Amino acid sequence: MVRINENYDKLASSYLFPEIARRTKNFSEKNSGVKILRLGIGNTTEPLTPTVIKGLKSGVEKLADVKTYTGYGDEQGDLRLRKAICELYARLGVSLEHDEVFVSDGAKPDSANIQSIFNTASVIAVQDPAYPVYVDSNVIGGHTGKANGVVYEKIVYMPCNEENGFFPQVPKEKVDLIYLCSPNNPTGAVATKEQLKGFVDYATKNKAIIIFDSAYSSYISDKSLPKSIYEISGAKDCAIEINSFSKSAGFTGVRLGWCIVPKNLIAEDAPFGKINSLWNRRQTTMFNGASNIAQEGGLAALTEEGLQENQGIIEYYMENARIIHSALSEMGLKVYGGINAPYLWVKTPNNMKSWEFFDKMLSEAHVVITPGSGFGPSGEGYFRVSAFGHRENIVEAVNNIKNNLKI
Ligand code: MLT
């Protein structure tokens, strides 16, 4: 008889955001007429900018004319877009070749799929707390043992806490794949160049590979902070970088991202170029390329006008972050992040458990937040607030919290 992939049975619980949605729906059904304000999932709310809309429309119009119609494109992405992404990196002083850039339908699938090109015996290290996709995709891919309470066997958890400023020490043991996210989801902490250099040195010494998720890099306003791991010398020899148009240009629903796999990366059994060609093999086999319309939108987003317009939207969300930060701090809560990142990481009052506080926030203030424990064991006792939202909803949520949350 057919058997399932038993790794799915190792998964400890349902994926975090559907679980939040389920609890919120339950609450709504029991409390009809109550307006719920959502600061949970980091979902963009502001319309696409005029330049991006123009780009998307031109993509649609091309499909209406036999002279410009295109069917399948290159699985790796439209060459013009790959070159535009290289130019974006060139502004940071990073030089990439276009065949090191793989356009995709977003950072989430790339961060989930990248593990599949590495041996299942690879030891995985994650920041704790971390975006749940890194751990869950490795569980599904068979890189871990079973769940043991709140942790999985064979995963090295690198605690990020108040003491270390929410950035971990390099692992004491030898690991093979290291997931880093900066600006961090969920803590909002941003790694400095020195901190990243520590990991690049570790990876070089231990022949490990870093998977660097920079999906929120456009939220960095402090010029001293790195937006790409490739700003650190040596990183092109040991790091893969994943980024997206979701949070920088509002493409959460449009879907477009990219993954950089430098040819310099090597593994014990993979010489120069092989890891790059494995990802190419994976993508050409399992992916037919990002939507041609979305890619026209992405090209427009990377023009000077597109970047400038989207900067305005980023500043809008960051003003939301300031409003939330100051309100929660005034209430005496300990608030982290939200300065160079659209997420705020807040300690629950009175040492409450994260899910207990989630329920309290929902029932008293009618505001949805994300429980910190959903991101890993070190997230227990924290909650995450997303700054993505319409201003009036953010203000209403903050007022509800100030007026109705009993702490
Ligand atoms: C989040 O809320 O952590 C993210 O927006 C979810 C995602 O990007 O998949």
# chains A, B, ... in the order shown; residues from 1 in each chain; ligands from 1
>>> residues_near_ligand(ligand="ligand 1", cutoff="9 Å", atoms="only C-alpha atoms and all ligand atoms", output="compact mmCIF listing (two decimals) with all heavy atoms, in the first residue's frame")
# COMPACT_ATOMS: atom_id res chain seq x y z
N PHE A 17 0.73 30.68 10.90
CA PHE A 17 -0.25 31.71 10.52
C PHE A 17 -1.66 31.14 10.31
O PHE A 17 -2.63 31.77 10.74
CB PHE A 17 0.27 32.54 9.34
CG PHE A 17 1.49 33.32 9.75
CD1 PHE A 17 2.76 32.95 9.34
CD2 PHE A 17 1.38 34.39 10.63
CE1 PHE A 17 3.89 33.63 9.77
CE2 PHE A 17 2.49 35.08 11.07
CZ PHE A 17 3.76 34.70 10.64
N GLY A 40 -1.00 40.75 12.99
CA GLY A 40 -0.37 39.44 13.10
C GLY A 40 0.57 39.21 11.93
O GLY A 40 1.73 39.63 11.94
N ILE A 41 0.07 38.57 10.89
CA ILE A 41 0.92 38.26 9.73
C ILE A 41 1.41 39.56 9.08
O ILE A 41 0.70 40.57 9.06
CB ILE A 41 0.16 37.37 8.72
CG1 ILE A 41 1.13 36.80 7.67
CG2 ILE A 41 -1.01 38.09 8.07
CD1 ILE A 41 0.57 35.64 6.88
N GLY A 42 2.63 39.53 8.59
CA GLY A 42 3.20 40.71 7.94
C GLY A 42 2.70 40.81 6.52
O GLY A 42 3.41 40.47 5.58
N ASN A 43 1.47 41.29 6.39
CA ASN A 43 0.86 41.35 5.06
C ASN A 43 0.72 42.81 4.63
O ASN A 43 0.14 43.61 5.36
CB ASN A 43 -0.51 40.67 5.11
CG ASN A 43 -0.98 40.25 3.73
OD1 ASN A 43 -0.28 40.47 2.74
ND2 ASN A 43 -2.15 39.68 3.67
N THR A 44 1.23 43.13 3.45
CA THR A 44 1.20 44.52 3.00
C THR A 44 -0.25 44.95 2.71
O THR A 44 -1.09 44.14 2.33
CB THR A 44 2.05 44.69 1.73
OG1 THR A 44 1.69 43.66 0.80
CG2 THR A 44 3.53 44.55 2.04
N GLY A 106 8.88 34.15 -4.99
CA GLY A 106 8.90 34.70 -3.64
C GLY A 106 9.96 34.07 -2.76
O GLY A 106 10.51 33.01 -3.08
N ALA A 107 10.23 34.74 -1.64
CA ALA A 107 11.28 34.27 -0.73
C ALA A 107 10.85 33.03 0.05
O ALA A 107 11.69 32.22 0.43
CB ALA A 107 11.65 35.39 0.24
N LYS A 108 9.55 32.91 0.29
CA LYS A 108 9.10 31.76 1.10
C LYS A 108 9.40 30.43 0.40
O LYS A 108 10.03 29.55 1.00
CB LYS A 108 7.61 31.89 1.42
CG LYS A 108 7.07 30.78 2.29
CD LYS A 108 5.60 31.04 2.62
CE LYS A 108 5.01 29.97 3.51
NZ LYS A 108 3.67 30.32 3.96
N TYR A 131 11.78 32.55 11.49
CA TYR A 131 10.67 32.38 10.53
C TYR A 131 10.42 30.87 10.42
O TYR A 131 11.36 30.11 10.11
CB TYR A 131 11.13 32.99 9.21
CG TYR A 131 10.15 32.97 8.06
CD1 TYR A 131 8.82 33.30 8.22
CD2 TYR A 131 10.59 32.63 6.77
CE1 TYR A 131 7.94 33.30 7.14
CE2 TYR A 131 9.73 32.63 5.69
CZ TYR A 131 8.40 32.96 5.89
OH TYR A 131 7.54 32.96 4.82
N PRO A 132 9.20 30.39 10.69
CA PRO A 132 8.98 28.94 10.84
C PRO A 132 9.28 28.10 9.60
O PRO A 132 9.51 26.89 9.72
CB PRO A 132 7.49 28.84 11.19
CG PRO A 132 6.98 30.21 11.39
CD PRO A 132 8.01 31.19 10.95
N VAL A 133 9.31 28.71 8.44
CA VAL A 133 9.56 27.96 7.20
C VAL A 133 10.92 27.25 7.23
O VAL A 133 11.05 26.13 6.72
CB VAL A 133 9.47 28.90 5.98
CG1 VAL A 133 9.87 28.20 4.70
CG2 VAL A 133 8.07 29.48 5.85
N ASN A 185 13.05 38.59 11.08
CA ASN A 185 11.67 38.20 11.33
C ASN A 185 11.78 37.01 12.30
O ASN A 185 12.37 35.99 11.92
CB ASN A 185 11.00 37.76 10.02
CG ASN A 185 9.58 37.31 10.24
OD1 ASN A 185 9.03 37.51 11.31
ND2 ASN A 185 8.98 36.71 9.22
N PRO A 186 11.35 37.11 13.53
CA PRO A 186 10.39 38.07 14.07
C PRO A 186 10.94 39.21 14.93
O PRO A 186 10.18 40.10 15.27
CB PRO A 186 9.56 37.17 14.98
CG PRO A 186 10.57 36.24 15.56
CD PRO A 186 11.54 35.96 14.45
N ALA A 215 14.81 39.50 3.16
CA ALA A 215 13.52 39.96 2.62
C ALA A 215 13.11 41.34 3.12
O ALA A 215 12.29 42.01 2.50
CB ALA A 215 12.43 38.93 2.96
N SER A 246 8.07 41.27 -2.08
CA SER A 246 6.84 41.30 -1.27
C SER A 246 6.79 42.52 -0.36
O SER A 246 5.81 43.27 -0.36
CB SER A 246 6.74 40.05 -0.40
OG SER A 246 6.38 38.95 -1.18
N LYS A 247 7.84 42.70 0.43
CA LYS A 247 7.78 43.74 1.45
C LYS A 247 8.40 45.04 0.95
O LYS A 247 8.13 46.10 1.47
CB LYS A 247 8.47 43.26 2.73
CG LYS A 247 8.01 41.88 3.21
CD LYS A 247 6.56 41.84 3.63
CE LYS A 247 5.92 40.46 3.66
NZ LYS A 247 6.39 39.48 4.56
N THR A 252 3.20 40.96 -2.13
CA THR A 252 2.80 39.77 -1.36
C THR A 252 1.80 38.91 -2.13
O THR A 252 1.85 37.69 -2.05
CB THR A 252 2.21 40.19 0.00
OG1 THR A 252 1.41 41.35 -0.21
CG2 THR A 252 3.29 40.52 1.02
N TYR A 343 8.90 44.89 12.07
CA TYR A 343 8.36 44.08 13.15
C TYR A 343 8.85 44.58 14.50
O TYR A 343 10.01 44.99 14.63
CB TYR A 343 8.78 42.61 13.00
CG TYR A 343 8.18 41.94 11.78
CD1 TYR A 343 8.99 41.32 10.84
CD2 TYR A 343 6.80 41.92 11.58
CE1 TYR A 343 8.45 40.70 9.72
CE2 TYR A 343 6.24 41.31 10.46
CZ TYR A 343 7.07 40.72 9.53
OH TYR A 343 6.52 40.12 8.43
N THR A 370 1.18 38.15 16.86
CA THR A 370 1.73 36.80 16.63
C THR A 370 2.44 36.35 17.90
O THR A 370 3.32 37.08 18.40
CB THR A 370 2.70 36.81 15.44
OG1 THR A 370 2.04 37.37 14.32
CG2 THR A 370 3.13 35.39 15.08
N SER A 386 3.17 43.40 13.86
CA SER A 386 3.53 43.79 12.50
C SER A 386 3.12 45.24 12.26
O SER A 386 2.03 45.66 12.67
CB SER A 386 2.81 42.86 11.52
OG SER A 386 2.71 43.48 10.26
>>> residues_around(residues="A:Glu380", least_positions_apart="6", cutoff="6 Å", atoms="only C-alpha atoms", output="compact mmCIF listing (two decimals) with N, CA and C atoms, in the first residue's frame")
# COMPACT_ATOMS: atom_id res chain seq x y z
N SER A 354 3.20 33.09 25.59
CA SER A 354 2.85 33.82 24.37
C SER A 354 1.41 33.57 23.90
N GLY A 372 5.07 34.83 20.22
CA GLY A 372 6.50 34.61 20.00
C GLY A 372 6.88 33.14 19.98
N SER A 373 6.20 32.32 20.76
CA SER A 373 6.59 30.90 20.84
C SER A 373 6.34 30.19 19.52
>>> residues_around(residues="A:Gly338", least_positions_apart="4", cutoff="7 Å", atoms="only C-alpha atoms", output="JSON, numbers by chain")
{"A": [188, 321, 325, 342, 343, 344]}
>>> closest_residue(among="A:Ala191, A:Ile240, A:Ala270, A:Leu37", to="A:Glu392", atoms="only C-alpha atoms")
A:Leu37
>>> select_by_dssp(residues="stretch 209-394 of chain A", states="strand (DSSP E)", output="PDB file with N, CA, C and O atoms, in the first residue's frame")
ATOM      1  N   ILE A 209      27.531  26.460   4.837  1.00  0.00           N
ATOM      2  CA  ILE A 209      26.895  27.450   3.954  1.00  0.00           C
ATOM      3  C   ILE A 209      25.836  28.207   4.743  1.00  0.00           C
ATOM      4  O   ILE A 209      25.055  27.608   5.497  1.00  0.00           O
ATOM      5  N   ILE A 210      25.838  29.528   4.572  1.00  0.00           N
ATOM      6  CA  ILE A 210      24.837  30.383   5.228  1.00  0.00           C
ATOM      7  C   ILE A 210      23.707  30.618   4.233  1.00  0.00           C
ATOM      8  O   ILE A 210      23.955  30.913   3.061  1.00  0.00           O
ATOM      9  N   ILE A 211      22.475  30.485   4.705  1.00  0.00           N
ATOM     10  CA  ILE A 211      21.321  30.861   3.877  1.00  0.00           C
ATOM     11  C   ILE A 211      20.797  32.154   4.491  1.00  0.00           C
ATOM     12  O   ILE A 211      20.291  32.158   5.617  1.00  0.00           O
ATOM     13  N   PHE A 212      21.018  33.226   3.767  1.00  0.00           N
ATOM     14  CA  PHE A 212      20.756  34.557   4.330  1.00  0.00           C
ATOM     15  C   PHE A 212      19.463  35.103   3.745  1.00  0.00           C
ATOM     16  O   PHE A 212      19.355  35.310   2.535  1.00  0.00           O
ATOM     17  N   ASP A 213      18.487  35.338   4.602  1.00  0.00           N
ATOM     18  CA  ASP A 213      17.189  35.861   4.174  1.00  0.00           C
ATOM     19  C   ASP A 213      17.187  37.367   4.423  1.00  0.00           C
ATOM     20  O   ASP A 213      17.201  37.827   5.569  1.00  0.00           O
ATOM     21  N   ALA A 239      27.816  31.932   1.118  1.00  0.00           N
ATOM     22  CA  ALA A 239      26.424  32.306   1.439  1.00  0.00           C
ATOM     23  C   ALA A 239      25.517  32.354   0.210  1.00  0.00           C
ATOM     24  O   ALA A 239      25.922  32.785  -0.871  1.00  0.00           O
ATOM     25  N   ILE A 240      24.316  31.886   0.445  1.00  0.00           N
ATOM     26  CA  ILE A 240      23.215  32.007  -0.511  1.00  0.00           C
ATOM     27  C   ILE A 240      22.332  33.119   0.048  1.00  0.00           C
ATOM     28  O   ILE A 240      22.152  33.197   1.268  1.00  0.00           O
ATOM     29  N   GLU A 241      21.809  33.983  -0.817  1.00  0.00           N
ATOM     30  CA  GLU A 241      20.940  35.051  -0.292  1.00  0.00           C
ATOM     31  C   GLU A 241      19.578  35.008  -0.976  1.00  0.00           C
ATOM     32  O   GLU A 241      19.478  34.802  -2.188  1.00  0.00           O
ATOM     33  N   ILE A 242      18.533  35.204  -0.166  1.00  0.00           N
ATOM     34  CA  ILE A 242      17.160  35.150  -0.664  1.00  0.00           C
ATOM     35  C   ILE A 242      16.491  36.496  -0.380  1.00  0.00           C
ATOM     36  O   ILE A 242      16.634  37.035   0.722  1.00  0.00           O
ATOM     37  N   ASN A 243      15.803  37.028  -1.373  1.00  0.00           N
ATOM     38  CA  ASN A 243      15.113  38.312  -1.164  1.00  0.00           C
ATOM     39  C   ASN A 243      13.818  38.302  -1.968  1.00  0.00           C
ATOM     40  O   ASN A 243      13.541  37.341  -2.700  1.00  0.00           O
ATOM     41  N   SER A 244      13.066  39.357  -1.859  1.00  0.00           N
ATOM     42  CA  SER A 244      11.706  39.331  -2.386  1.00  0.00           C
ATOM     43  C   SER A 244      11.208  40.736  -2.690  1.00  0.00           C
ATOM     44  O   SER A 244      11.690  41.711  -2.112  1.00  0.00           O
ATOM     45  N   GLY A 257      10.310  37.043  -6.299  1.00  0.00           N
ATOM     46  CA  GLY A 257      11.470  37.105  -5.401  1.00  0.00           C
ATOM     47  C   GLY A 257      12.710  36.657  -6.147  1.00  0.00           C
ATOM     48  O   GLY A 257      12.677  36.464  -7.369  1.00  0.00           O
ATOM     49  N   TRP A 258      13.800  36.497  -5.398  1.00  0.00           N
ATOM     50  CA  TRP A 258      15.001  35.979  -6.051  1.00  0.00           C
ATOM     51  C   TRP A 258      15.905  35.276  -5.047  1.00  0.00           C
ATOM     52  O   TRP A 258      15.796  35.478  -3.837  1.00  0.00           O
ATOM     53  N   CYS A 259      16.768  34.472  -5.615  1.00  0.00           N
ATOM     54  CA  CYS A 259      17.719  33.725  -4.810  1.00  0.00           C
ATOM     55  C   CYS A 259      19.077  33.866  -5.502  1.00  0.00           C
ATOM     56  O   CYS A 259      19.175  33.667  -6.719  1.00  0.00           O
ATOM     57  N   ILE A 260      20.098  34.227  -4.737  1.00  0.00           N
ATOM     58  CA  ILE A 260      21.454  34.350  -5.300  1.00  0.00           C
ATOM     59  C   ILE A 260      22.246  33.108  -4.885  1.00  0.00           C
ATOM     60  O   ILE A 260      22.393  32.835  -3.686  1.00  0.00           O
ATOM     61  N   VAL A 335       9.873  46.893  24.496  1.00  0.00           N
ATOM     62  CA  VAL A 335       9.693  46.768  23.049  1.00  0.00           C
ATOM     63  C   VAL A 335      11.056  46.760  22.354  1.00  0.00           C
ATOM     64  O   VAL A 335      11.889  47.633  22.605  1.00  0.00           O
ATOM     65  N   TYR A 336      11.254  45.809  21.470  1.00  0.00           N
ATOM     66  CA  TYR A 336      12.493  45.725  20.680  1.00  0.00           C
ATOM     67  C   TYR A 336      12.127  45.802  19.200  1.00  0.00           C
ATOM     68  O   TYR A 336      10.977  45.569  18.817  1.00  0.00           O
ATOM     69  N   GLY A 337      13.114  46.051  18.354  1.00  0.00           N
ATOM     70  CA  GLY A 337      12.897  46.078  16.902  1.00  0.00           C
ATOM     71  C   GLY A 337      12.100  47.310  16.485  1.00  0.00           C
ATOM     72  O   GLY A 337      11.997  48.293  17.228  1.00  0.00           O
ATOM     73  N   TYR A 343       8.903  44.894  12.067  1.00  0.00           N
ATOM     74  CA  TYR A 343       8.355  44.079  13.152  1.00  0.00           C
ATOM     75  C   TYR A 343       8.845  44.583  14.500  1.00  0.00           C
ATOM     76  O   TYR A 343      10.010  44.992  14.630  1.00  0.00           O
ATOM     77  N   LEU A 344       7.928  44.531  15.485  1.00  0.00           N
ATOM     78  CA  LEU A 344       8.288  44.875  16.853  1.00  0.00           C
ATOM     79  C   LEU A 344       8.179  43.607  17.682  1.00  0.00           C
ATOM     80  O   LEU A 344       7.248  42.810  17.492  1.00  0.00           O
ATOM     81  N   TRP A 345       9.116  43.425  18.561  1.00  0.00           N
ATOM     82  CA  TRP A 345       9.217  42.202  19.365  1.00  0.00           C
ATOM     83  C   TRP A 345       9.067  42.642  20.818  1.00  0.00           C
ATOM     84  O   TRP A 345       9.854  43.441  21.308  1.00  0.00           O
ATOM     85  N   VAL A 346       8.028  42.154  21.448  1.00  0.00           N
ATOM     86  CA  VAL A 346       7.648  42.730  22.738  1.00  0.00           C
ATOM     87  C   VAL A 346       7.561  41.633  23.798  1.00  0.00           C
ATOM     88  O   VAL A 346       7.022  40.551  23.536  1.00  0.00           O
ATOM     89  N   LYS A 347       8.062  41.941  24.981  1.00  0.00           N
ATOM     90  CA  LYS A 347       8.006  40.980  26.092  1.00  0.00           C
ATOM     91  C   LYS A 347       6.577  40.973  26.638  1.00  0.00           C
ATOM     92  O   LYS A 347       5.986  42.043  26.837  1.00  0.00           O
ATOM     93  N   VAL A 367      -7.259  42.797  19.070  1.00  0.00           N
ATOM     94  CA  VAL A 367      -6.101  42.961  18.178  1.00  0.00           C
ATOM     95  C   VAL A 367      -5.403  41.604  18.032  1.00  0.00           C
ATOM     96  O   VAL A 367      -5.179  40.912  19.032  1.00  0.00           O
ATOM     97  N   VAL A 368      -5.092  41.262  16.792  1.00  0.00           N
ATOM     98  CA  VAL A 368      -4.366  40.013  16.526  1.00  0.00           C
ATOM     99  C   VAL A 368      -2.875  40.316  16.479  1.00  0.00           C
ATOM    100  O   VAL A 368      -2.436  41.196  15.728  1.00  0.00           O
ATOM    101  N   THR A 370       1.184  38.149  16.859  1.00  0.00           N
ATOM    102  CA  THR A 370       1.727  36.800  16.635  1.00  0.00           C
ATOM    103  C   THR A 370       2.440  36.351  17.902  1.00  0.00           C
ATOM    104  O   THR A 370       3.323  37.077  18.400  1.00  0.00           O
ATOM    105  N   PRO A 371       2.061  35.195  18.442  1.00  0.00           N
ATOM    106  CA  PRO A 371       2.717  34.719  19.668  1.00  0.00           C
ATOM    107  C   PRO A 371       4.177  34.336  19.401  1.00  0.00           C
ATOM    108  O   PRO A 371       4.463  33.607  18.447  1.00  0.00           O
ATOM    109  N   TYR A 382       7.239  36.228  24.505  1.00  0.00           N
ATOM    110  CA  TYR A 382       7.267  37.431  23.656  1.00  0.00           C
ATOM    111  C   TYR A 382       6.082  37.401  22.696  1.00  0.00           C
ATOM    112  O   TYR A 382       5.461  36.356  22.496  1.00  0.00           O
ATOM    113  N   PHE A 383       5.784  38.550  22.107  1.00  0.00           N
ATOM    114  CA  PHE A 383       4.862  38.570  20.980  1.00  0.00           C
ATOM    115  C   PHE A 383       5.394  39.514  19.914  1.00  0.00           C
ATOM    116  O   PHE A 383       6.180  40.420  20.209  1.00  0.00           O
ATOM    117  N   ARG A 384       4.989  39.248  18.675  1.00  0.00           N
ATOM    118  CA  ARG A 384       5.436  40.081  17.561  1.00  0.00           C
ATOM    119  C   ARG A 384       4.276  40.936  17.075  1.00  0.00           C
ATOM    120  O   ARG A 384       3.138  40.454  16.978  1.00  0.00           O
ATOM    121  N   VAL A 385       4.569  42.208  16.794  1.00  0.00           N
ATOM    122  CA  VAL A 385       3.553  43.097  16.222  1.00  0.00           C
ATOM    123  C   VAL A 385       4.044  43.524  14.847  1.00  0.00           C
ATOM    124  O   VAL A 385       5.183  43.958  14.682  1.00  0.00           O
ATOM    125  N   SER A 386       3.170  43.395  13.857  1.00  0.00           N
ATOM    126  CA  SER A 386       3.532  43.791  12.499  1.00  0.00           C
ATOM    127  C   SER A 386       3.118  45.236  12.261  1.00  0.00           C
ATOM    128  O   SER A 386       2.032  45.664  12.670  1.00  0.00           O
TER     129      SER A 386
END
>>> residues_around(residues="A:Asn113", least_positions_apart="4", cutoff="10 Å", atoms="only C-alpha atoms", output="PyMOL selection string")
chain A and resi 107-109+117+133-134+137-138+141+279+282-283
>>> write_last_selection(atoms="N, CA, C and O atoms", output="CSV table (one decimal), in the first residue's frame")
chain,number,residue,atom,x,y,z
A,107,ALA,N,10.2,34.7,-1.6
A,107,ALA,CA,11.3,34.3,-0.7
A,107,ALA,C,10.8,33.0,0.1
A,107,ALA,O,11.7,32.2,0.4
A,108,LYS,N,9.5,32.9,0.3
A,108,LYS,CA,9.1,31.8,1.1
A,108,LYS,C,9.4,30.4,0.4
A,108,LYS,O,10.0,29.5,1.0
A,109,PRO,N,9.0,30.3,-0.9
A,109,PRO,CA,9.3,29.0,-1.5
A,109,PRO,C,10.8,28.8,-1.6
A,109,PRO,O,11.3,27.6,-1.5
A,117,ILE,N,18.7,20.8,-2.0
A,117,ILE,CA,19.9,20.5,-2.8
A,117,ILE,C,21.1,20.0,-1.9
A,117,ILE,O,22.2,19.8,-2.4
A,133,VAL,N,9.3,28.7,8.4
A,133,VAL,CA,9.6,28.0,7.2
A,133,VAL,C,10.9,27.2,7.2
A,133,VAL,O,11.0,26.1,6.7
A,134,TYR,N,11.9,27.9,7.8
A,134,TYR,CA,13.3,27.3,7.8
A,134,TYR,C,13.2,25.9,8.5
A,134,TYR,O,13.8,24.9,8.0
A,137,SER,N,10.5,23.3,6.8
A,137,SER,CA,10.9,22.7,5.5
A,137,SER,C,12.0,21.7,5.7
A,137,SER,O,12.1,20.7,4.9
A,138,ASN,N,12.9,21.9,6.7
A,138,ASN,CA,13.9,20.9,6.9
A,138,ASN,C,13.4,19.7,7.6
A,138,ASN,O,13.9,18.6,7.4
A,141,GLY,N,11.9,17.9,4.7
A,141,GLY,CA,13.0,17.4,3.8
A,141,GLY,C,13.8,16.3,4.4
A,141,GLY,O,14.7,15.7,3.8
A,279,TRP,N,21.1,24.2,-8.1
A,279,TRP,CA,19.9,25.0,-7.9
A,279,TRP,C,19.2,25.2,-9.3
A,279,TRP,O,18.0,25.2,-9.4
A,282,ARG,N,17.4,22.1,-10.1
A,282,ARG,CA,16.1,22.0,-9.3
A,282,ARG,C,15.0,23.0,-9.9
A,282,ARG,O,13.9,22.6,-10.0
A,283,GLN,N,15.4,24.2,-10.1
A,283,GLN,CA,14.4,25.2,-10.6
A,283,GLN,C,13.9,24.8,-12.0
A,283,GLN,O,12.7,24.9,-12.3
>>> residues_around(residues="A:Pro168", least_positions_apart="6", cutoff="8 Å", atoms="only C-alpha atoms", output="number ranges by chain")
A: 127, 158-160
>>> select_by_dssp(residues="stretch 178-379 of chain A", states="alpha helix (DSSP H)", output="number ranges by chain")
A: 193-206, 246-249, 274-286, 292-301, 304-330, 354-365
>>> closest_residue(among="A:Val101, A:Leu278, A:Val135, A:Leu92", to="A:Ile232", atoms="only C-alpha atoms")
A:Leu92
>>> residues_around(residues="A:Ile324", least_positions_apart="2", cutoff="8 Å", atoms="only C-alpha atoms", output="PDB file with all heavy atoms, in the first residue's frame")
ATOM      1  N   ASN A 320       4.120  53.708  11.034  1.00  0.00           N
ATOM      2  CA  ASN A 320       3.261  52.806  11.828  1.00  0.00           C
ATOM      3  C   ASN A 320       4.075  52.186  12.957  1.00  0.00           C
ATOM      4  O   ASN A 320       3.618  52.100  14.093  1.00  0.00           O
ATOM      5  CB  ASN A 320       2.716  51.659  10.959  1.00  0.00           C
ATOM      6  CG  ASN A 320       1.667  52.101   9.961  1.00  0.00           C
ATOM      7  OD1 ASN A 320       1.153  53.213  10.062  1.00  0.00           O
ATOM      8  ND2 ASN A 320       1.347  51.235   9.023  1.00  0.00           N
ATOM      9  N   ALA A 321       5.272  51.726  12.604  1.00  0.00           N
ATOM     10  CA  ALA A 321       6.117  51.068  13.608  1.00  0.00           C
ATOM     11  C   ALA A 321       6.425  52.034  14.755  1.00  0.00           C
ATOM     12  O   ALA A 321       6.394  51.644  15.928  1.00  0.00           O
ATOM     13  CB  ALA A 321       7.417  50.570  12.960  1.00  0.00           C
ATOM     14  N   ARG A 322       6.683  53.306  14.410  1.00  0.00           N
ATOM     15  CA  ARG A 322       6.985  54.300  15.462  1.00  0.00           C
ATOM     16  C   ARG A 322       5.778  54.502  16.385  1.00  0.00           C
ATOM     17  O   ARG A 322       5.908  54.606  17.601  1.00  0.00           O
ATOM     18  CB  ARG A 322       7.395  55.643  14.832  1.00  0.00           C
ATOM     19  CG  ARG A 322       8.873  55.713  14.513  1.00  0.00           C
ATOM     20  CD  ARG A 322       9.291  57.102  14.056  1.00  0.00           C
ATOM     21  NE  ARG A 322       8.842  57.375  12.689  1.00  0.00           N
ATOM     22  CZ  ARG A 322       9.465  56.952  11.581  1.00  0.00           C
ATOM     23  NH1 ARG A 322      10.577  56.250  11.678  1.00  0.00           N
ATOM     24  NH2 ARG A 322       8.976  57.236  10.393  1.00  0.00           N
ATOM     25  N   SER A 326       5.953  53.604  20.326  1.00  0.00           N
ATOM     26  CA  SER A 326       5.844  54.578  21.412  1.00  0.00           C
ATOM     27  C   SER A 326       4.644  54.249  22.297  1.00  0.00           C
ATOM     28  O   SER A 326       4.729  54.359  23.516  1.00  0.00           O
ATOM     29  CB  SER A 326       5.865  56.014  20.882  1.00  0.00           C
ATOM     30  OG  SER A 326       4.586  56.414  20.525  1.00  0.00           O
ATOM     31  N   ALA A 327       3.536  53.772  21.717  1.00  0.00           N
ATOM     32  CA  ALA A 327       2.362  53.455  22.551  1.00  0.00           C
ATOM     33  C   ALA A 327       2.667  52.301  23.505  1.00  0.00           C
ATOM     34  O   ALA A 327       2.360  52.381  24.700  1.00  0.00           O
ATOM     35  CB  ALA A 327       1.176  53.105  21.661  1.00  0.00           C
ATOM     36  N   LEU A 328       3.284  51.238  22.993  1.00  0.00           N
ATOM     37  CA  LEU A 328       3.539  50.080  23.848  1.00  0.00           C
ATOM     38  C   LEU A 328       4.594  50.403  24.913  1.00  0.00           C
ATOM     39  O   LEU A 328       4.480  49.969  26.057  1.00  0.00           O
ATOM     40  CB  LEU A 328       3.959  48.857  23.020  1.00  0.00           C
ATOM     41  CG  LEU A 328       2.933  48.338  21.999  1.00  0.00           C
ATOM     42  CD1 LEU A 328       3.417  47.038  21.360  1.00  0.00           C
ATOM     43  CD2 LEU A 328       1.556  48.117  22.621  1.00  0.00           C
ATOM     44  N   ALA A 387       3.990  45.991  11.609  1.00  0.00           N
ATOM     45  CA  ALA A 387       3.686  47.402  11.323  1.00  0.00           C
ATOM     46  C   ALA A 387       3.010  47.571   9.962  1.00  0.00           C
ATOM     47  O   ALA A 387       2.764  48.694   9.522  1.00  0.00           O
ATOM     48  CB  ALA A 387       4.967  48.221  11.384  1.00  0.00           C
ATOM     49  N   ILE A 394      -3.998  50.985  12.402  1.00  0.00           N
ATOM     50  CA  ILE A 394      -2.886  50.938  13.368  1.00  0.00           C
ATOM     51  C   ILE A 394      -3.251  51.819  14.576  1.00  0.00           C
ATOM     52  O   ILE A 394      -3.119  51.408  15.734  1.00  0.00           O
ATOM     53  CB  ILE A 394      -1.568  51.434  12.713  1.00  0.00           C
ATOM     54  CG1 ILE A 394      -1.163  50.523  11.550  1.00  0.00           C
ATOM     55  CG2 ILE A 394      -0.450  51.600  13.740  1.00  0.00           C
ATOM     56  CD1 ILE A 394      -0.627  49.154  11.900  1.00  0.00           C
ATOM     57  N   VAL A 398      -3.861  50.539  18.364  1.00  0.00           N
ATOM     58  CA  VAL A 398      -3.058  51.069  19.467  1.00  0.00           C
ATOM     59  C   VAL A 398      -3.976  51.669  20.548  1.00  0.00           C
ATOM     60  O   VAL A 398      -3.771  51.461  21.752  1.00  0.00           O
ATOM     61  CB  VAL A 398      -2.066  52.108  18.875  1.00  0.00           C
ATOM     62  CG1 VAL A 398      -1.610  53.105  19.904  1.00  0.00           C
ATOM     63  CG2 VAL A 398      -0.871  51.386  18.258  1.00  0.00           C
TER      64      VAL A 398
END
>>> residues_around(residues="A:Gly376", least_positions_apart="6", cutoff="7 Å", atoms="only C-alpha atoms", output="compact mmCIF listing (two decimals) with N, CA, C and O atoms, in the first residue's frame")
# COMPACT_ATOMS: atom_id res chain seq x y z
N ASP A 128 17.02 31.27 16.90
CA ASP A 128 15.83 30.94 17.67
C ASP A 128 15.45 32.16 18.48
O ASP A 128 16.20 32.56 19.35
N PRO A 129 14.32 32.83 18.18
CA PRO A 129 13.24 32.49 17.26
C PRO A 129 13.62 32.68 15.79
O PRO A 129 14.53 33.43 15.48
N ALA A 130 12.83 32.02 14.90
CA ALA A 130 13.07 32.14 13.46
C ALA A 130 11.76 32.02 12.69
O ALA A 130 10.79 31.43 13.17
